[in-house]
Amino acid sequence: MARPTGSPTVRRRQLAAELRRLREDRNLGIEQVAEQLDWHPTKLSRFETARRAIQPSDARALLGIYGVGPAERDALLALAREARQRGWWHAYGPAVPEWFEVYVGLESAASSLQIYEGEFVPGLLQTADYIRAVHRASLLDASSEDIEQRVAVRLTRQKLLTSEGAPNVSMVMDEAVIRRVVGGSEVMHAQLQRLLDAADLRNVTLQVLPFAVGAHPAMDGAFHVLGFAPTDPCVVYIEYHTGTLYLEKQHEVNRYTVMFDRLREAALSVDESSALIQQVARDLPA
């Protein structure tokens, strides 16, 4: 399955931002607009935060209240229809949980990714056997079929790195990531080689944060910063075992961006990181 060229998730965010702007430009509160349409305010709030895809009929009703002209109205209604299209990930059903769909959609359209991982290899660089080992350890009740579906999803996501218009990807991994033997020596050796191969991609920068650094800014967990076109704000993504958190306020994004910059400064250089990965691979037991 080929990687998509666009993302309905991003279109939904664009539409949400426009709807919020139109309301605020007219000095209308969410409650005022919702009352005119006999909606609960929560419904409009979910549209404006892109937590819910809007029906074109609902979008038309809002645009009518805002007095939007024909040309802008038609463009926004087209965006509403596009935002309701199904992404490639829907073909995999429950292998992509609802709480993860937003991330996959954003990742598909990102122009840059800044990723810090402290426990395992980032998903975009995992081999199939490494993916299986991670899922077997973390998905306690998953069947073999469930795991294989998740492997297929992750491998499809990885096409992002070599697709046309691929994002610039910068990854910092804790040294524990390359030293923790996941799936056995053979699986781990292949995984470390995969990291070395990925480091040769022109759009991928891979660094290792060594144990010698000691305390560092991201000791409370992994995070991703997704960047988009200049007109779309960045998003910080944080995952926990049963869900995800998306941070979009400017001060939150700035904090994580600065944090990532400091991690890169503390990490080994690209060449030093590759040398360490090679050494760890050589030291694996046969």
# chains A, B, ... in the order shown; residues from 1 in each chain; ligands from 1

$ residues_around --residues "A:Glu265" --least-positions-apart "3" --cutoff "12 Å" --atoms "only C-alpha atoms" --output "JSON, numbers by chain"
{"A": [172, 207, 208, 209, 210, 213, 216, 217, 258, 259, 260, 261, 262, 268, 269, 270]}

$ write_last_selection --atoms "C-alpha atoms" --output "PDB file, in the first residue's frame"
ATOM      1  CA  VAL A 172      17.806  11.295  19.324  1.00  0.00           C
ATOM      2  CA  GLN A 207      22.110  10.655  17.220  1.00  0.00           C
ATOM      3  CA  VAL A 208      22.657   8.695  20.418  1.00  0.00           C
ATOM      4  CA  LEU A 209      22.436  10.307  23.847  1.00  0.00           C
ATOM      5  CA  PRO A 210      25.172   8.543  25.848  1.00  0.00           C
ATOM      6  CA  VAL A 213      25.555  12.700  29.860  1.00  0.00           C
ATOM      7  CA  HIS A 216      18.994  15.382  30.755  1.00  0.00           C
ATOM      8  CA  PRO A 217      15.853  17.399  29.887  1.00  0.00           C
ATOM      9  CA  VAL A 258      14.100  23.870  23.048  1.00  0.00           C
ATOM     10  CA  MET A 259      14.262  20.563  24.902  1.00  0.00           C
ATOM     11  CA  PHE A 260      14.998  18.713  21.683  1.00  0.00           C
ATOM     12  CA  ASP A 261      17.693  21.222  20.721  1.00  0.00           C
ATOM     13  CA  ARG A 262      19.407  20.615  24.056  1.00  0.00           C
ATOM     14  CA  LEU A 268      27.010  12.248  20.264  1.00  0.00           C
ATOM     15  CA  SER A 269      27.609  13.620  16.780  1.00  0.00           C
ATOM     16  CA  VAL A 270      26.149  11.715  13.826  1.00  0.00           C
TER      17      VAL A 270
END

$ residues_around --residues "stretch 195-203 of chain A" --least-positions-apart "4" --cutoff "9 Å" --atoms "only C-alpha atoms" --output "list in words"
Val121, Leu125, Gln126, Leu161, Thr162, Ala166, Pro167, Asn168, Val169, Ser170, Ala190, Gln191, Gln207, Val270, Ser274, Ile277 and Gln278 of chain A

$ write_last_selection --atoms "C-alpha atoms" --output "short mmCIF file (atom, residue, chain, number, x, y, z; two decimals), in the first residue's frame"
data_model
loop_
_atom_site.label_atom_id
_atom_site.label_comp_id
_atom_site.auth_asym_id
_atom_site.auth_seq_id
_atom_site.Cartn_x
_atom_site.Cartn_y
_atom_site.Cartn_z
CA VAL A 121 13.98 2.28 18.45
CA LEU A 125 13.18 2.67 11.87
CA GLN A 126 12.10 -0.64 13.37
CA LEU A 161 11.08 8.19 4.88
CA THR A 162 11.75 7.47 1.22
CA ALA A 166 9.76 13.00 2.55
CA PRO A 167 10.07 14.99 5.77
CA ASN A 168 13.34 15.94 7.40
CA VAL A 169 13.66 13.59 10.36
CA SER A 170 15.91 14.19 13.34
CA ALA A 190 19.61 -6.66 12.14
CA GLN A 191 17.93 -3.74 13.92
CA GLN A 207 22.11 10.66 17.22
CA VAL A 270 26.15 11.71 13.83
CA SER A 274 27.16 5.54 14.07
CA ILE A 277 26.03 1.61 17.08
CA GLN A 278 28.62 -0.35 15.10
#

$ atom_distance --atom1 "atom CA of A:Pro285" --atom2 "atom CA of A:Ile147"
27.2 Å

$ residues_around --residues "A:Arg282" --least-positions-apart "2" --cutoff "12 Å" --atoms "only C-alpha atoms" --output "short mmCIF file (atom, residue, chain, number, x, y, z; two decimals) with C-alpha atoms, in the first residue's frame"
data_model
loop_
_atom_site.label_atom_id
_atom_site.label_comp_id
_atom_site.auth_asym_id
_atom_site.auth_seq_id
_atom_site.Cartn_x
_atom_site.Cartn_y
_atom_site.Cartn_z
CA ARG A 179 22.00 -1.64 24.17
CA SER A 185 20.90 -11.12 19.38
CA GLU A 186 20.05 -11.92 15.76
CA MET A 188 18.94 -6.87 17.48
CA HIS A 189 21.91 -7.12 15.14
CA ALA A 190 19.61 -6.66 12.14
CA LEU A 192 21.23 -1.97 14.57
CA GLN A 193 22.18 -2.44 10.92
CA ALA A 275 30.48 4.39 15.49
CA LEU A 276 28.85 3.51 18.81
CA ILE A 277 26.03 1.61 17.08
CA GLN A 278 28.62 -0.35 15.10
CA GLN A 279 30.51 -1.17 18.30
CA VAL A 280 27.39 -2.35 20.08
CA LEU A 284 26.41 -8.71 20.58
CA PRO A 285 26.80 -12.40 21.39
CA ALA A 286 26.65 -14.72 18.41
#

$ select_by_dssp --residues "stretch 52-168 of chain A" --states "helix (DSSP H, G or I)" --output "PDB file with C-alpha atoms, in the first residue's frame"
ATOM      1  CA  PRO A  56     -20.450  19.617   5.168  1.00  0.00           C
ATOM      2  CA  SER A  57     -24.048  20.444   6.144  1.00  0.00           C
ATOM      3  CA  ASP A  58     -22.897  21.615   9.590  1.00  0.00           C
ATOM      4  CA  ALA A  59     -20.066  23.590   8.005  1.00  0.00           C
ATOM      5  CA  ARG A  60     -22.550  25.245   5.654  1.00  0.00           C
ATOM      6  CA  ALA A  61     -24.723  26.251   8.620  1.00  0.00           C
ATOM      7  CA  LEU A  62     -21.757  27.818  10.413  1.00  0.00           C
ATOM      8  CA  LEU A  63     -20.584  29.669   7.328  1.00  0.00           C
ATOM      9  CA  GLY A  64     -24.087  31.041   6.912  1.00  0.00           C
ATOM     10  CA  ILE A  65     -24.018  32.501  10.418  1.00  0.00           C
ATOM     11  CA  TYR A  66     -20.598  34.001   9.748  1.00  0.00           C
ATOM     12  CA  PRO A  70     -19.603  32.332  -2.053  1.00  0.00           C
ATOM     13  CA  ALA A  71     -15.954  31.822  -3.087  1.00  0.00           C
ATOM     14  CA  GLU A  72     -14.644  31.322   0.453  1.00  0.00           C
ATOM     15  CA  ARG A  73     -17.688  29.237   1.369  1.00  0.00           C
ATOM     16  CA  ASP A  74     -17.151  26.854  -1.557  1.00  0.00           C
ATOM     17  CA  ALA A  75     -13.449  26.484  -0.715  1.00  0.00           C
ATOM     18  CA  LEU A  76     -14.189  25.707   2.931  1.00  0.00           C
ATOM     19  CA  LEU A  77     -16.956  23.255   2.065  1.00  0.00           C
ATOM     20  CA  ALA A  78     -14.560  21.461  -0.268  1.00  0.00           C
ATOM     21  CA  LEU A  79     -12.083  21.311   2.606  1.00  0.00           C
ATOM     22  CA  ALA A  80     -14.818  19.879   4.849  1.00  0.00           C
ATOM     23  CA  ARG A  81     -15.489  17.108   2.331  1.00  0.00           C
ATOM     24  CA  GLU A  82     -11.780  16.315   1.976  1.00  0.00           C
ATOM     25  CA  ALA A  83     -11.361  16.260   5.757  1.00  0.00           C
ATOM     26  CA  TRP A  88      -4.893   4.750   4.279  1.00  0.00           C
ATOM     27  CA  TRP A  89      -4.719   3.540   7.885  1.00  0.00           C
ATOM     28  CA  HIS A  90      -8.462   2.836   8.029  1.00  0.00           C
ATOM     29  CA  ALA A  91      -7.859  -0.259   5.903  1.00  0.00           C
ATOM     30  CA  TYR A  92      -6.108  -1.826   8.900  1.00  0.00           C
ATOM     31  CA  GLY A  93      -9.114  -1.487  11.223  1.00  0.00           C
ATOM     32  CA  PRO A  94      -8.380  -2.007  14.935  1.00  0.00           C
ATOM     33  CA  ALA A  95      -4.649  -2.313  14.228  1.00  0.00           C
ATOM     34  CA  GLU A  98      -8.772   5.532  17.317  1.00  0.00           C
ATOM     35  CA  TRP A  99      -6.437   7.377  19.684  1.00  0.00           C
ATOM     36  CA  PHE A 100      -3.529   6.758  17.279  1.00  0.00           C
ATOM     37  CA  GLU A 101      -5.308   7.716  14.051  1.00  0.00           C
ATOM     38  CA  VAL A 102      -4.663  11.419  14.578  1.00  0.00           C
ATOM     39  CA  TYR A 103      -0.927  10.875  14.896  1.00  0.00           C
ATOM     40  CA  VAL A 104      -0.705   8.707  11.783  1.00  0.00           C
ATOM     41  CA  GLY A 105      -2.577  11.369   9.833  1.00  0.00           C
ATOM     42  CA  LEU A 106      -0.329  14.147  11.077  1.00  0.00           C
ATOM     43  CA  GLU A 107       2.817  12.108  10.475  1.00  0.00           C
ATOM     44  CA  SER A 108       1.718  11.442   6.887  1.00  0.00           C
ATOM     45  CA  ALA A 109       1.684  15.164   6.128  1.00  0.00           C
ATOM     46  CA  GLY A 123       8.812   3.099  14.980  1.00  0.00           C
ATOM     47  CA  LEU A 124       9.865   4.546  11.627  1.00  0.00           C
ATOM     48  CA  LEU A 125      13.177   2.673  11.873  1.00  0.00           C
ATOM     49  CA  ALA A 128       9.645  -6.295  11.237  1.00  0.00           C
ATOM     50  CA  ASP A 129      11.121  -8.734  13.769  1.00  0.00           C
ATOM     51  CA  TYR A 130      11.878  -5.926  16.219  1.00  0.00           C
ATOM     52  CA  ILE A 131       8.285  -4.681  15.868  1.00  0.00           C
ATOM     53  CA  ARG A 132       6.985  -8.158  16.641  1.00  0.00           C
ATOM     54  CA  ALA A 133       9.172  -8.455  19.721  1.00  0.00           C
ATOM     55  CA  VAL A 134       8.082  -5.049  21.045  1.00  0.00           C
ATOM     56  CA  HIS A 135       4.396  -5.812  20.528  1.00  0.00           C
ATOM     57  CA  ARG A 136       4.646  -9.264  22.078  1.00  0.00           C
ATOM     58  CA  ALA A 137       6.129  -7.692  25.182  1.00  0.00           C
ATOM     59  CA  SER A 138       3.691  -4.783  25.455  1.00  0.00           C
ATOM     60  CA  SER A 144      -0.546 -13.340  16.459  1.00  0.00           C
ATOM     61  CA  GLU A 145      -2.941 -11.966  13.832  1.00  0.00           C
ATOM     62  CA  ASP A 146      -3.303  -8.687  15.758  1.00  0.00           C
ATOM     63  CA  ILE A 147       0.460  -8.335  15.988  1.00  0.00           C
ATOM     64  CA  GLU A 148       0.970  -9.027  12.294  1.00  0.00           C
ATOM     65  CA  GLN A 149      -1.575  -6.338  11.444  1.00  0.00           C
ATOM     66  CA  ARG A 150       0.333  -3.856  13.587  1.00  0.00           C
ATOM     67  CA  VAL A 151       3.586  -4.890  11.923  1.00  0.00           C
ATOM     68  CA  ALA A 152       1.993  -4.181   8.543  1.00  0.00           C
ATOM     69  CA  VAL A 153       0.818  -0.746   9.691  1.00  0.00           C
ATOM     70  CA  ARG A 154       4.253   0.227  10.957  1.00  0.00           C
ATOM     71  CA  LEU A 155       6.005  -0.973   7.823  1.00  0.00           C
ATOM     72  CA  THR A 156       3.566   1.048   5.724  1.00  0.00           C
ATOM     73  CA  ARG A 157       4.294   4.118   7.846  1.00  0.00           C
ATOM     74  CA  GLN A 158       8.002   3.669   7.141  1.00  0.00           C
ATOM     75  CA  LYS A 159       7.473   4.420   3.440  1.00  0.00           C
ATOM     76  CA  LEU A 160       7.280   8.012   4.628  1.00  0.00           C
ATOM     77  CA  LEU A 161      11.082   8.193   4.879  1.00  0.00           C
ATOM     78  CA  THR A 162      11.752   7.469   1.216  1.00  0.00           C
TER      79      THR A 162
END

$ closest_residue --among "A:Ala142, A:Leu15, A:Ile178, A:Val33" --to "A:Glu48" --atoms "only C-alpha atoms"
A:Leu15

$ closest_residue --among "A:Leu44, A:Ile115, A:Met173, A:Val187" --to "A:Tyr256" --atoms "only C-alpha atoms"
A:Ile115
